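Colleague: Would you mind keeping the following structure in view while I ask a few things?
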Amino acid sequence: QVQLVESGGGLVQAGGSLRLSCTASGSIFRINAMGWYRQAPGKQRELVATINRNGVTDYAESVKGRFTISRHSAMNTVYLQMNSLKPEDTAVYYCNLDDLVRGRNNWGQGTQVTVSS
């Protein structure tokens, strides 16, 4: 089993910044990719950003230029630097891990990000 522990959420004013962290542990065979998803009240969970084992990144259009995903491979940790936050970024942010053997259905418990206007 894979465990993902997130941290760094909180309350921030519009225009502010937050940095999320997620560390993976447990039965990890080979990490194909890690990423962040978010779910706002009444909405479906959506992709925010991913980074694969080669360092290739992908972002939702709504966060391009504002958010940056990075990783510390040796520590199985992924970060999400969020700048110029907007009220519409308010959501629960979930860390995800795609493992060669364990598959893609590996999720953290979620961390709340609230951006006030």
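Within each chain, counting starts at residue 1; across the structure tokens, chains are named A, B, ... in the order shown, with ligands numbered 1 upward in that order.
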Based on DSSP run over this structure's backbone, return all residues of chain A in strand (DSSP E or B), as a compact mmCIF listing (two decimals) with all heavy atoms, in the first residue's frame.
Modeller:
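states30.txt written:
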# COMPACT_ATOMS: atom_id res chain seq x y z
N VAL A 2 0.36 2.29 -0.63
CA VAL A 2 1.09 3.55 -0.75
C VAL A 2 0.44 4.58 0.18
O VAL A 2 -0.78 4.71 0.22
CB VAL A 2 1.07 4.06 -2.20
CG1 VAL A 2 1.72 5.44 -2.29
CG2 VAL A 2 1.76 3.07 -3.13
N GLN A 3 1.26 5.30 0.91
CA GLN A 3 0.78 6.39 1.75
C GLN A 3 1.29 7.71 1.20
O GLN A 3 2.47 7.85 0.86
CB GLN A 3 1.25 6.24 3.20
CG GLN A 3 0.64 5.07 3.94
CD GLN A 3 1.36 3.77 3.67
OE1 GLN A 3 2.59 3.72 3.61
NE2 GLN A 3 0.60 2.69 3.50
N LEU A 4 0.39 8.68 1.13
CA LEU A 4 0.72 10.02 0.66
C LEU A 4 0.30 11.01 1.74
O LEU A 4 -0.86 11.04 2.14
CB LEU A 4 0.01 10.34 -0.64
CG LEU A 4 0.35 9.44 -1.84
CD1 LEU A 4 -0.61 9.69 -2.99
CD2 LEU A 4 1.78 9.69 -2.29
N VAL A 5 1.25 11.80 2.20
CA VAL A 5 0.97 12.77 3.25
C VAL A 5 1.20 14.17 2.71
O VAL A 5 2.31 14.50 2.28
CB VAL A 5 1.87 12.52 4.48
CG1 VAL A 5 1.59 13.57 5.55
CG2 VAL A 5 1.62 11.11 5.03
N GLU A 6 0.14 14.96 2.73
CA GLU A 6 0.19 16.32 2.20
C GLU A 6 0.29 17.33 3.35
O GLU A 6 -0.17 17.07 4.47
CB GLU A 6 -1.07 16.63 1.39
CG GLU A 6 -1.31 15.72 0.23
CD GLU A 6 -2.72 15.19 0.19
OE1 GLU A 6 -3.32 15.05 1.28
OE2 GLU A 6 -3.23 14.89 -0.90
N SER A 7 0.85 18.48 3.03
CA SER A 7 0.89 19.57 3.98
C SER A 7 1.00 20.89 3.22
O SER A 7 1.30 20.89 2.02
CB SER A 7 2.08 19.43 4.94
OG SER A 7 3.30 19.46 4.23
N GLY A 10 -3.97 26.10 3.58
CA GLY A 10 -4.34 27.13 4.54
C GLY A 10 -5.19 28.21 3.92
O GLY A 10 -5.73 28.04 2.83
N LEU A 11 -5.30 29.32 4.65
CA LEU A 11 -6.09 30.46 4.22
C LEU A 11 -5.15 31.58 3.80
O LEU A 11 -4.21 31.93 4.52
CB LEU A 11 -6.98 30.93 5.37
CG LEU A 11 -7.77 32.23 5.17
CD1 LEU A 11 -8.77 32.08 4.04
CD2 LEU A 11 -8.45 32.63 6.47
N VAL A 12 -5.41 32.15 2.63
CA VAL A 12 -4.55 33.22 2.12
C VAL A 12 -5.43 34.21 1.37
O VAL A 12 -6.48 33.85 0.84
CB VAL A 12 -3.45 32.64 1.21
CG1 VAL A 12 -4.05 32.00 -0.04
CG2 VAL A 12 -2.41 33.67 0.86
N GLN A 13 -4.98 35.45 1.34
CA GLN A 13 -5.71 36.46 0.57
C GLN A 13 -5.38 36.34 -0.91
O GLN A 13 -4.32 35.83 -1.30
CB GLN A 13 -5.34 37.85 1.06
CG GLN A 13 -5.91 38.20 2.42
CD GLN A 13 -5.69 39.65 2.79
OE1 GLN A 13 -4.72 40.27 2.35
NE2 GLN A 13 -6.58 40.21 3.60
N LEU A 18 1.07 30.06 -1.58
CA LEU A 18 1.16 28.91 -0.70
C LEU A 18 2.02 27.86 -1.38
O LEU A 18 2.10 27.82 -2.61
CB LEU A 18 -0.23 28.31 -0.42
CG LEU A 18 -1.15 29.03 0.55
CD1 LEU A 18 -2.52 28.35 0.56
CD2 LEU A 18 -0.56 29.04 1.96
N ARG A 19 2.63 27.01 -0.57
CA ARG A 19 3.41 25.90 -1.10
C ARG A 19 2.91 24.61 -0.47
O ARG A 19 2.94 24.46 0.76
CB ARG A 19 4.89 26.07 -0.80
CG ARG A 19 5.79 25.07 -1.49
CD ARG A 19 7.19 25.15 -0.96
NE ARG A 19 8.16 24.46 -1.80
CZ ARG A 19 9.24 23.85 -1.34
NH1 ARG A 19 9.49 23.85 -0.04
NH2 ARG A 19 10.07 23.27 -2.18
N LEU A 20 2.47 23.69 -1.32
CA LEU A 20 2.02 22.39 -0.87
C LEU A 20 3.15 21.38 -1.02
O LEU A 20 3.94 21.46 -1.96
CB LEU A 20 0.81 21.92 -1.67
CG LEU A 20 -0.40 22.86 -1.74
CD1 LEU A 20 -1.54 22.19 -2.53
CD2 LEU A 20 -0.87 23.26 -0.36
N SER A 21 3.17 20.42 -0.09
CA SER A 21 4.14 19.34 -0.15
C SER A 21 3.42 18.01 -0.02
O SER A 21 2.39 17.92 0.65
CB SER A 21 5.17 19.46 0.98
OG SER A 21 5.89 20.67 0.91
N CYS A 22 3.98 16.99 -0.64
CA CYS A 22 3.42 15.65 -0.55
C CYS A 22 4.57 14.65 -0.55
O CYS A 22 5.38 14.66 -1.48
CB CYS A 22 2.48 15.38 -1.71
SG CYS A 22 1.90 13.67 -1.82
N THR A 23 4.61 13.81 0.46
CA THR A 23 5.64 12.78 0.55
C THR A 23 5.01 11.41 0.49
O THR A 23 4.03 11.13 1.20
CB THR A 23 6.45 12.92 1.85
OG1 THR A 23 7.10 14.20 1.84
CG2 THR A 23 7.50 11.83 1.95
N ALA A 24 5.56 10.57 -0.37
CA ALA A 24 5.07 9.22 -0.57
C ALA A 24 5.92 8.22 0.19
O ALA A 24 7.15 8.36 0.25
CB ALA A 24 5.05 8.87 -2.05
N SER A 25 5.27 7.19 0.72
CA SER A 25 5.98 6.11 1.40
C SER A 25 5.18 4.83 1.22
O SER A 25 4.07 4.83 0.69
CB SER A 25 6.18 6.44 2.88
OG SER A 25 4.93 6.57 3.53
N GLY A 26 5.76 3.72 1.71
CA GLY A 26 5.06 2.44 1.61
C GLY A 26 5.58 1.60 0.47
O GLY A 26 6.74 1.68 0.09
N ILE A 31 7.94 5.05 -9.37
CA ILE A 31 7.02 6.16 -9.57
C ILE A 31 7.08 6.59 -11.03
O ILE A 31 8.12 6.99 -11.54
CB ILE A 31 7.36 7.34 -8.66
CG1 ILE A 31 7.20 6.94 -7.18
CG2 ILE A 31 6.46 8.53 -8.98
CD1 ILE A 31 7.63 8.02 -6.21
N ASN A 32 5.93 6.49 -11.69
CA ASN A 32 5.84 6.98 -13.06
C ASN A 32 5.61 8.49 -13.07
O ASN A 32 6.14 9.22 -13.90
CB ASN A 32 4.69 6.30 -13.80
CG ASN A 32 4.99 4.86 -14.11
OD1 ASN A 32 6.14 4.49 -14.34
ND2 ASN A 32 3.96 4.03 -14.11
N ALA A 33 4.76 8.94 -12.15
CA ALA A 33 4.44 10.36 -12.06
C ALA A 33 3.80 10.66 -10.72
O ALA A 33 3.25 9.77 -10.06
CB ALA A 33 3.49 10.78 -13.19
N MET A 34 3.90 11.91 -10.33
CA MET A 34 3.15 12.41 -9.18
C MET A 34 2.47 13.70 -9.59
O MET A 34 2.92 14.38 -10.53
CB MET A 34 4.07 12.65 -7.97
CG MET A 34 4.64 11.37 -7.39
SD MET A 34 5.64 11.65 -5.91
CE MET A 34 4.37 12.04 -4.69
N GLY A 35 1.40 14.02 -8.90
CA GLY A 35 0.69 15.22 -9.30
C GLY A 35 -0.27 15.72 -8.25
O GLY A 35 -0.42 15.13 -7.18
N TRP A 36 -0.89 16.83 -8.59
CA TRP A 36 -1.87 17.47 -7.72
C TRP A 36 -3.18 17.63 -8.48
O TRP A 36 -3.19 18.03 -9.64
CB TRP A 36 -1.37 18.85 -7.27
CG TRP A 36 -0.20 18.79 -6.37
CD1 TRP A 36 1.11 18.86 -6.71
CD2 TRP A 36 -0.24 18.63 -4.94
NE1 TRP A 36 1.90 18.75 -5.59
CE2 TRP A 36 1.09 18.61 -4.49
CE3 TRP A 36 -1.27 18.52 -4.00
CZ2 TRP A 36 1.43 18.47 -3.14
CZ3 TRP A 36 -0.94 18.39 -2.66
CH2 TRP A 36 0.40 18.37 -2.24
N TYR A 37 -4.25 17.31 -7.77
CA TYR A 37 -5.60 17.51 -8.27
C TYR A 37 -6.34 18.34 -7.23
O TYR A 37 -5.91 18.44 -6.09
CB TYR A 37 -6.30 16.16 -8.47
CG TYR A 37 -5.72 15.34 -9.59
CD1 TYR A 37 -4.46 14.75 -9.48
CD2 TYR A 37 -6.44 15.14 -10.78
CE1 TYR A 37 -3.92 14.00 -10.52
CE2 TYR A 37 -5.91 14.38 -11.81
CZ TYR A 37 -4.66 13.81 -11.67
OH TYR A 37 -4.13 13.08 -12.70
N ARG A 38 -7.47 18.91 -7.63
CA ARG A 38 -8.25 19.68 -6.66
C ARG A 38 -9.73 19.47 -6.90
O ARG A 38 -10.15 19.14 -8.01
CB ARG A 38 -7.91 21.16 -6.73
CG ARG A 38 -8.31 21.86 -8.03
CD ARG A 38 -7.77 23.29 -8.04
NE ARG A 38 -8.16 24.00 -9.26
CZ ARG A 38 -7.71 25.21 -9.59
NH1 ARG A 38 -6.84 25.84 -8.78
NH2 ARG A 38 -8.11 25.79 -10.70
N GLN A 39 -10.48 19.66 -5.83
CA GLN A 39 -11.93 19.51 -5.92
C GLN A 39 -12.58 20.62 -5.11
O GLN A 39 -12.39 20.70 -3.89
CB GLN A 39 -12.38 18.14 -5.41
CG GLN A 39 -13.84 17.86 -5.64
CD GLN A 39 -14.20 16.41 -5.42
OE1 GLN A 39 -13.45 15.65 -4.80
NE2 GLN A 39 -15.33 15.98 -5.97
N GLU A 46 -10.37 17.81 -10.46
CA GLU A 46 -9.70 18.17 -11.70
C GLU A 46 -8.19 18.19 -11.52
O GLU A 46 -7.68 18.43 -10.42
CB GLU A 46 -10.16 19.56 -12.18
CG GLU A 46 -9.83 20.69 -11.24
CD GLU A 46 -10.22 22.06 -11.79
OE1 GLU A 46 -10.82 22.13 -12.88
OE2 GLU A 46 -9.92 23.06 -11.11
N LEU A 47 -7.50 17.95 -12.63
CA LEU A 47 -6.05 17.97 -12.61
C LEU A 47 -5.56 19.40 -12.44
O LEU A 47 -6.09 20.33 -13.07
CB LEU A 47 -5.50 17.38 -13.90
CG LEU A 47 -3.99 17.33 -14.07
CD1 LEU A 47 -3.59 16.07 -14.84
CD2 LEU A 47 -3.46 18.56 -14.79
N VAL A 48 -4.53 19.56 -11.61
CA VAL A 48 -3.87 20.86 -11.46
C VAL A 48 -2.51 20.82 -12.15
O VAL A 48 -2.22 21.64 -13.01
CB VAL A 48 -3.70 21.23 -9.98
CG1 VAL A 48 -2.94 22.54 -9.84
CG2 VAL A 48 -5.06 21.31 -9.29
N ALA A 49 -1.69 19.84 -11.77
CA ALA A 49 -0.35 19.73 -12.35
C ALA A 49 0.21 18.35 -12.08
O ALA A 49 -0.10 17.74 -11.06
CB ALA A 49 0.58 20.79 -11.75
N THR A 50 1.03 17.87 -13.01
CA THR A 50 1.72 16.60 -12.83
C THR A 50 3.18 16.74 -13.25
O THR A 50 3.53 17.63 -14.04
CB THR A 50 1.08 15.47 -13.65
OG1 THR A 50 1.14 15.82 -15.05
CG2 THR A 50 -0.36 15.23 -13.26
N ILE A 51 4.00 15.83 -12.72
CA ILE A 51 5.40 15.76 -13.11
C ILE A 51 5.76 14.29 -13.21
O ILE A 51 5.47 13.51 -12.30
CB ILE A 51 6.30 16.52 -12.12
CG1 ILE A 51 7.76 16.50 -12.60
CG2 ILE A 51 6.18 15.97 -10.70
CD1 ILE A 51 8.65 17.51 -11.87
N ASN A 52 6.35 13.89 -14.33
CA ASN A 52 6.66 12.47 -14.50
C ASN A 52 8.11 12.18 -14.10
O ASN A 52 8.87 13.07 -13.70
CB ASN A 52 6.34 12.00 -15.91
CG ASN A 52 7.30 12.53 -16.96
OD1 ASN A 52 8.35 13.09 -16.66
ND2 ASN A 52 6.95 12.34 -18.23
N THR A 57 6.55 18.19 -17.08
CA THR A 57 5.41 18.72 -16.32
C THR A 57 4.22 19.00 -17.22
O THR A 57 4.36 19.21 -18.43
CB THR A 57 5.80 20.01 -15.59
OG1 THR A 57 6.25 20.98 -16.54
CG2 THR A 57 6.91 19.76 -14.59
N ASP A 58 3.06 19.02 -16.60
CA ASP A 58 1.82 19.34 -17.30
C ASP A 58 0.95 20.14 -16.34
O ASP A 58 0.91 19.83 -15.14
CB ASP A 58 1.10 18.06 -17.73
CG ASP A 58 -0.12 18.35 -18.59
OD1 ASP A 58 -0.10 19.37 -19.32
OD2 ASP A 58 -1.11 17.59 -18.52
N TYR A 59 0.28 21.17 -16.86
CA TYR A 59 -0.53 22.04 -16.02
C TYR A 59 -1.91 22.25 -16.62
O TYR A 59 -2.09 22.29 -17.83
CB TYR A 59 0.14 23.42 -15.88
CG TYR A 59 1.46 23.42 -15.16
CD1 TYR A 59 2.65 23.28 -15.86
CD2 TYR A 59 1.51 23.56 -13.77
CE1 TYR A 59 3.87 23.29 -15.20
CE2 TYR A 59 2.72 23.57 -13.10
CZ TYR A 59 3.89 23.42 -13.82
OH TYR A 59 5.09 23.44 -13.15
N PHE A 67 1.30 28.54 -11.06
CA PHE A 67 1.68 27.40 -10.22
C PHE A 67 2.90 26.71 -10.82
O PHE A 67 3.05 26.66 -12.05
CB PHE A 67 0.55 26.38 -10.15
CG PHE A 67 -0.68 26.82 -9.39
CD1 PHE A 67 -0.84 28.14 -8.97
CD2 PHE A 67 -1.67 25.90 -9.09
CE1 PHE A 67 -1.97 28.53 -8.27
CE2 PHE A 67 -2.81 26.28 -8.39
CZ PHE A 67 -2.96 27.59 -7.99
N THR A 68 3.74 26.15 -9.95
CA THR A 68 4.90 25.39 -10.40
C THR A 68 4.99 24.11 -9.60
O THR A 68 5.01 24.14 -8.36
CB THR A 68 6.19 26.19 -10.20
OG1 THR A 68 6.11 27.43 -10.91
CG2 THR A 68 7.39 25.40 -10.72
N ILE A 69 5.06 22.99 -10.32
CA ILE A 69 5.23 21.69 -9.68
C ILE A 69 6.70 21.30 -9.77
O ILE A 69 7.36 21.54 -10.79
CB ILE A 69 4.32 20.62 -10.31
CG1 ILE A 69 4.34 19.34 -9.47
CG2 ILE A 69 4.68 20.35 -11.76
CD1 ILE A 69 3.27 18.33 -9.88
N SER A 70 7.22 20.72 -8.69
CA SER A 70 8.60 20.26 -8.67
C SER A 70 8.67 19.02 -7.78
O SER A 70 7.70 18.66 -7.12
CB SER A 70 9.53 21.36 -8.16
OG SER A 70 9.19 21.75 -6.84
N ARG A 71 9.84 18.41 -7.76
CA ARG A 71 9.97 17.17 -7.00
C ARG A 71 11.35 17.04 -6.40
O ARG A 71 12.31 17.65 -6.86
CB ARG A 71 9.72 15.97 -7.93
CG ARG A 71 10.78 15.90 -9.00
CD ARG A 71 10.60 14.73 -9.95
NE ARG A 71 11.69 14.69 -10.91
CZ ARG A 71 11.86 13.73 -11.79
NH1 ARG A 71 11.02 12.73 -11.83
NH2 ARG A 71 12.88 13.77 -12.63
N HIS A 72 11.41 16.20 -5.36
CA HIS A 72 12.69 15.77 -4.81
C HIS A 72 12.64 14.25 -4.91
O HIS A 72 12.07 13.57 -4.06
CB HIS A 72 12.80 16.24 -3.35
CG HIS A 72 14.17 16.05 -2.78
ND1 HIS A 72 14.84 14.84 -2.82
CD2 HIS A 72 14.99 16.91 -2.15
CE1 HIS A 72 16.01 14.99 -2.25
NE2 HIS A 72 16.14 16.22 -1.83
N THR A 77 9.11 13.09 -2.89
CA THR A 77 8.32 14.25 -2.50
C THR A 77 8.05 15.14 -3.70
O THR A 77 8.92 15.34 -4.55
CB THR A 77 9.06 15.07 -1.43
OG1 THR A 77 9.23 14.25 -0.26
CG2 THR A 77 8.28 16.31 -1.04
N VAL A 78 6.84 15.65 -3.75
CA VAL A 78 6.46 16.58 -4.80
C VAL A 78 5.91 17.85 -4.15
O VAL A 78 5.31 17.79 -3.07
CB VAL A 78 5.42 15.95 -5.75
CG1 VAL A 78 4.10 15.67 -5.04
CG2 VAL A 78 5.19 16.82 -6.97
N TYR A 79 6.20 18.96 -4.79
CA TYR A 79 5.77 20.26 -4.28
C TYR A 79 4.88 20.98 -5.30
O TYR A 79 4.99 20.73 -6.51
CB TYR A 79 6.99 21.15 -4.00
CG TYR A 79 8.02 20.51 -3.12
CD1 TYR A 79 9.14 19.88 -3.67
CD2 TYR A 79 7.90 20.53 -1.74
CE1 TYR A 79 10.10 19.29 -2.87
CE2 TYR A 79 8.86 19.95 -0.92
CZ TYR A 79 9.95 19.32 -1.49
OH TYR A 79 10.89 18.74 -0.69
N LEU A 80 4.05 21.85 -4.81
CA LEU A 80 3.27 22.72 -5.68
C LEU A 80 3.37 24.14 -5.13
O LEU A 80 2.82 24.45 -4.07
CB LEU A 80 1.81 22.29 -5.75
CG LEU A 80 0.95 23.07 -6.74
CD1 LEU A 80 1.38 22.75 -8.18
CD2 LEU A 80 -0.54 22.75 -6.56
N GLN A 81 4.12 24.97 -5.83
CA GLN A 81 4.23 26.37 -5.47
C GLN A 81 3.10 27.12 -6.17
O GLN A 81 3.01 27.10 -7.40
CB GLN A 81 5.58 26.94 -5.90
CG GLN A 81 5.76 28.42 -5.60
CD GLN A 81 5.79 28.72 -4.12
OE1 GLN A 81 6.43 28.00 -3.35
NE2 GLN A 81 5.10 29.77 -3.70
N MET A 82 2.27 27.77 -5.38
CA MET A 82 1.10 28.46 -5.91
C MET A 82 1.24 29.95 -5.65
O MET A 82 1.26 30.37 -4.48
CB MET A 82 -0.18 27.91 -5.27
CG MET A 82 -0.34 26.42 -5.42
SD MET A 82 -1.92 25.81 -4.78
CE MET A 82 -1.72 26.12 -3.03
N ALA A 91 -10.18 25.15 -2.94
CA ALA A 91 -10.54 23.75 -3.14
C ALA A 91 -9.76 22.89 -2.14
O ALA A 91 -8.86 23.38 -1.47
CB ALA A 91 -10.21 23.30 -4.57
N VAL A 92 -10.13 21.63 -2.11
CA VAL A 92 -9.28 20.64 -1.43
C VAL A 92 -8.31 20.11 -2.47
O VAL A 92 -8.72 19.68 -3.55
CB VAL A 92 -10.12 19.49 -0.83
CG1 VAL A 92 -9.20 18.46 -0.19
CG2 VAL A 92 -11.11 20.03 0.19
N TYR A 93 -7.05 20.17 -2.15
CA TYR A 93 -6.00 19.73 -3.06
C TYR A 93 -5.51 18.35 -2.64
O TYR A 93 -5.18 18.12 -1.47
CB TYR A 93 -4.84 20.73 -3.05
CG TYR A 93 -5.15 21.99 -3.83
CD1 TYR A 93 -6.11 22.89 -3.38
CD2 TYR A 93 -4.52 22.26 -5.04
CE1 TYR A 93 -6.42 24.03 -4.09
CE2 TYR A 93 -4.83 23.40 -5.76
CZ TYR A 93 -5.78 24.28 -5.29
OH TYR A 93 -6.09 25.40 -6.01
N TYR A 94 -5.48 17.45 -3.63
CA TYR A 94 -5.11 16.06 -3.38
C TYR A 94 -3.82 15.71 -4.14
O TYR A 94 -3.68 16.05 -5.32
CB TYR A 94 -6.21 15.11 -3.85
CG TYR A 94 -7.50 15.24 -3.09
CD1 TYR A 94 -8.50 16.09 -3.54
CD2 TYR A 94 -7.73 14.49 -1.94
CE1 TYR A 94 -9.70 16.20 -2.86
CE2 TYR A 94 -8.93 14.59 -1.25
CZ TYR A 94 -9.91 15.46 -1.72
OH TYR A 94 -11.09 15.57 -1.03
N CYS A 95 -2.96 15.01 -3.46
CA CYS A 95 -1.75 14.49 -4.08
C CYS A 95 -2.07 13.12 -4.70
O CYS A 95 -2.83 12.34 -4.11
CB CYS A 95 -0.66 14.35 -3.02
SG CYS A 95 0.91 13.71 -3.61
N ASN A 96 -1.47 12.85 -5.83
CA ASN A 96 -1.68 11.58 -6.52
C ASN A 96 -0.34 10.99 -6.94
O ASN A 96 0.59 11.71 -7.31
CB ASN A 96 -2.56 11.78 -7.74
CG ASN A 96 -2.75 10.50 -8.52
OD1 ASN A 96 -2.03 10.23 -9.48
ND2 ASN A 96 -3.70 9.69 -8.12
N LEU A 97 -0.27 9.67 -6.88
CA LEU A 97 0.94 8.96 -7.31
C LEU A 97 0.55 7.86 -8.30
O LEU A 97 -0.37 7.08 -8.04
CB LEU A 97 1.66 8.35 -6.10
CG LEU A 97 2.98 7.65 -6.36
CD1 LEU A 97 3.92 7.83 -5.16
CD2 LEU A 97 2.81 6.17 -6.65
N ASP A 98 1.28 7.83 -9.39
CA ASP A 98 1.12 6.80 -10.42
C ASP A 98 2.33 5.88 -10.33
O ASP A 98 3.45 6.30 -10.64
CB ASP A 98 1.03 7.48 -11.78
CG ASP A 98 0.94 6.47 -12.93
OD1 ASP A 98 0.85 5.25 -12.67
OD2 ASP A 98 0.96 6.92 -14.10
N ASP A 99 2.10 4.65 -9.89
CA ASP A 99 3.17 3.70 -9.68
C ASP A 99 3.12 2.60 -10.73
O ASP A 99 2.02 2.18 -11.14
CB ASP A 99 3.06 3.10 -8.27
CG ASP A 99 4.19 2.13 -7.96
OD1 ASP A 99 5.30 2.58 -7.66
OD2 ASP A 99 3.95 0.91 -8.05
N GLY A 103 -0.33 1.21 -9.73
CA GLY A 103 -1.29 1.91 -10.56
C GLY A 103 -1.44 3.37 -10.19
O GLY A 103 -0.58 3.96 -9.52
N ARG A 104 -2.57 3.96 -10.63
CA ARG A 104 -2.77 5.40 -10.48
C ARG A 104 -3.68 5.79 -9.33
O ARG A 104 -3.79 6.98 -9.00
CB ARG A 104 -3.37 5.96 -11.78
CG ARG A 104 -2.48 5.79 -12.98
CD ARG A 104 -3.10 6.40 -14.22
NE ARG A 104 -2.23 6.30 -15.38
CZ ARG A 104 -2.53 6.81 -16.57
NH1 ARG A 104 -3.65 7.45 -16.75
NH2 ARG A 104 -1.68 6.66 -17.57
N ASN A 105 -4.34 4.83 -8.72
CA ASN A 105 -5.35 5.15 -7.72
C ASN A 105 -4.74 5.25 -6.33
O ASN A 105 -5.13 4.55 -5.40
CB ASN A 105 -6.46 4.10 -7.74
CG ASN A 105 -7.68 4.56 -6.99
OD1 ASN A 105 -7.96 5.75 -6.91
ND2 ASN A 105 -8.41 3.62 -6.41
N ASN A 106 -3.76 6.15 -6.21
CA ASN A 106 -3.09 6.38 -4.94
C ASN A 106 -3.26 7.86 -4.60
O ASN A 106 -2.70 8.72 -5.31
CB ASN A 106 -1.61 6.02 -5.04
CG ASN A 106 -1.39 4.60 -5.52
OD1 ASN A 106 -1.72 3.65 -4.83
ND2 ASN A 106 -0.85 4.45 -6.72
N TRP A 107 -3.99 8.12 -3.51
CA TRP A 107 -4.36 9.50 -3.17
C TRP A 107 -4.01 9.85 -1.74
O TRP A 107 -4.08 8.99 -0.85
CB TRP A 107 -5.87 9.70 -3.36
CG TRP A 107 -6.33 9.52 -4.77
CD1 TRP A 107 -6.81 8.38 -5.34
CD2 TRP A 107 -6.34 10.53 -5.79
NE1 TRP A 107 -7.12 8.62 -6.65
CE2 TRP A 107 -6.85 9.92 -6.96
CE3 TRP A 107 -5.98 11.86 -5.84
CZ2 TRP A 107 -7.00 10.63 -8.16
CZ3 TRP A 107 -6.13 12.56 -7.03
CH2 TRP A 107 -6.63 11.94 -8.17
N THR A 111 -5.68 18.46 1.31
CA THR A 111 -5.40 19.62 2.14
C THR A 111 -6.20 20.81 1.61
O THR A 111 -6.25 21.04 0.41
CB THR A 111 -3.88 19.93 2.17
OG1 THR A 111 -3.62 21.00 3.08
CG2 THR A 111 -3.33 20.29 0.80
N GLN A 112 -6.83 21.53 2.52
CA GLN A 112 -7.72 22.63 2.13
C GLN A 112 -6.92 23.89 1.81
O GLN A 112 -6.05 24.31 2.59
CB GLN A 112 -8.70 22.93 3.25
CG GLN A 112 -9.64 24.11 2.97
CD GLN A 112 -10.66 23.80 1.91
OE1 GLN A 112 -11.29 22.73 1.92
NE2 GLN A 112 -10.85 24.73 0.96
N VAL A 113 -7.24 24.47 0.67
CA VAL A 113 -6.70 25.77 0.29
C VAL A 113 -7.88 26.72 0.13
O VAL A 113 -8.80 26.44 -0.64
CB VAL A 113 -5.90 25.69 -1.02
CG1 VAL A 113 -5.52 27.09 -1.52
CG2 VAL A 113 -4.65 24.85 -0.83
N THR A 114 -7.86 27.81 0.87
CA THR A 114 -8.92 28.80 0.81
C THR A 114 -8.32 30.16 0.48
O THR A 114 -7.41 30.61 1.18
CB THR A 114 -9.69 28.88 2.13
OG1 THR A 114 -10.23 27.59 2.45
CG2 THR A 114 -10.84 29.88 2.02
N VAL A 115 -8.81 30.77 -0.58
CA VAL A 115 -8.32 32.07 -1.02
C VAL A 115 -9.45 33.07 -0.84
O VAL A 115 -10.51 32.95 -1.47
CB VAL A 115 -7.85 32.03 -2.48
CG1 VAL A 115 -7.24 33.39 -2.86
CG2 VAL A 115 -6.83 30.92 -2.69
N SER A 116 -9.23 34.05 0.00
CA SER A 116 -10.25 35.07 0.25
C SER A 116 -10.07 36.25 -0.69
O SER A 116 -8.94 36.60 -1.06
CB SER A 116 -10.18 35.53 1.70
OG SER A 116 -8.94 36.14 1.97
Colleague: Just to confirm, what's the straight-line distance from CA of Val101 (chain A) to CA of Ile28 (chain A) in Å (one decimal)?
Modeller: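 Interatomic distance, CA of Val101 (chain A) to CA of Ile28 (chain A): 8.0 Å.
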Colleague: Among chain A, which ones does DSSP place in helix (DSSP H, G or I), written as a PyMOL selection string?
Modeller: chain A and resi 61-63+73-75+87-89
Colleague: Taking 2 positions as the minimum chain separation for residues in the same chain, which residues sit within 7 Å of Pro87 (chain A) when counting only C-alpha atoms? Answer as a ChimeraX atom specification.
Modeller: /A:14,85,89-90,115-117
Colleague: Tell me, in Å to one decimal, how far CA of Ser84 (chain A) is from CA of Gly65 (chain A).
Modeller: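 It comes out at 9.3 Å.
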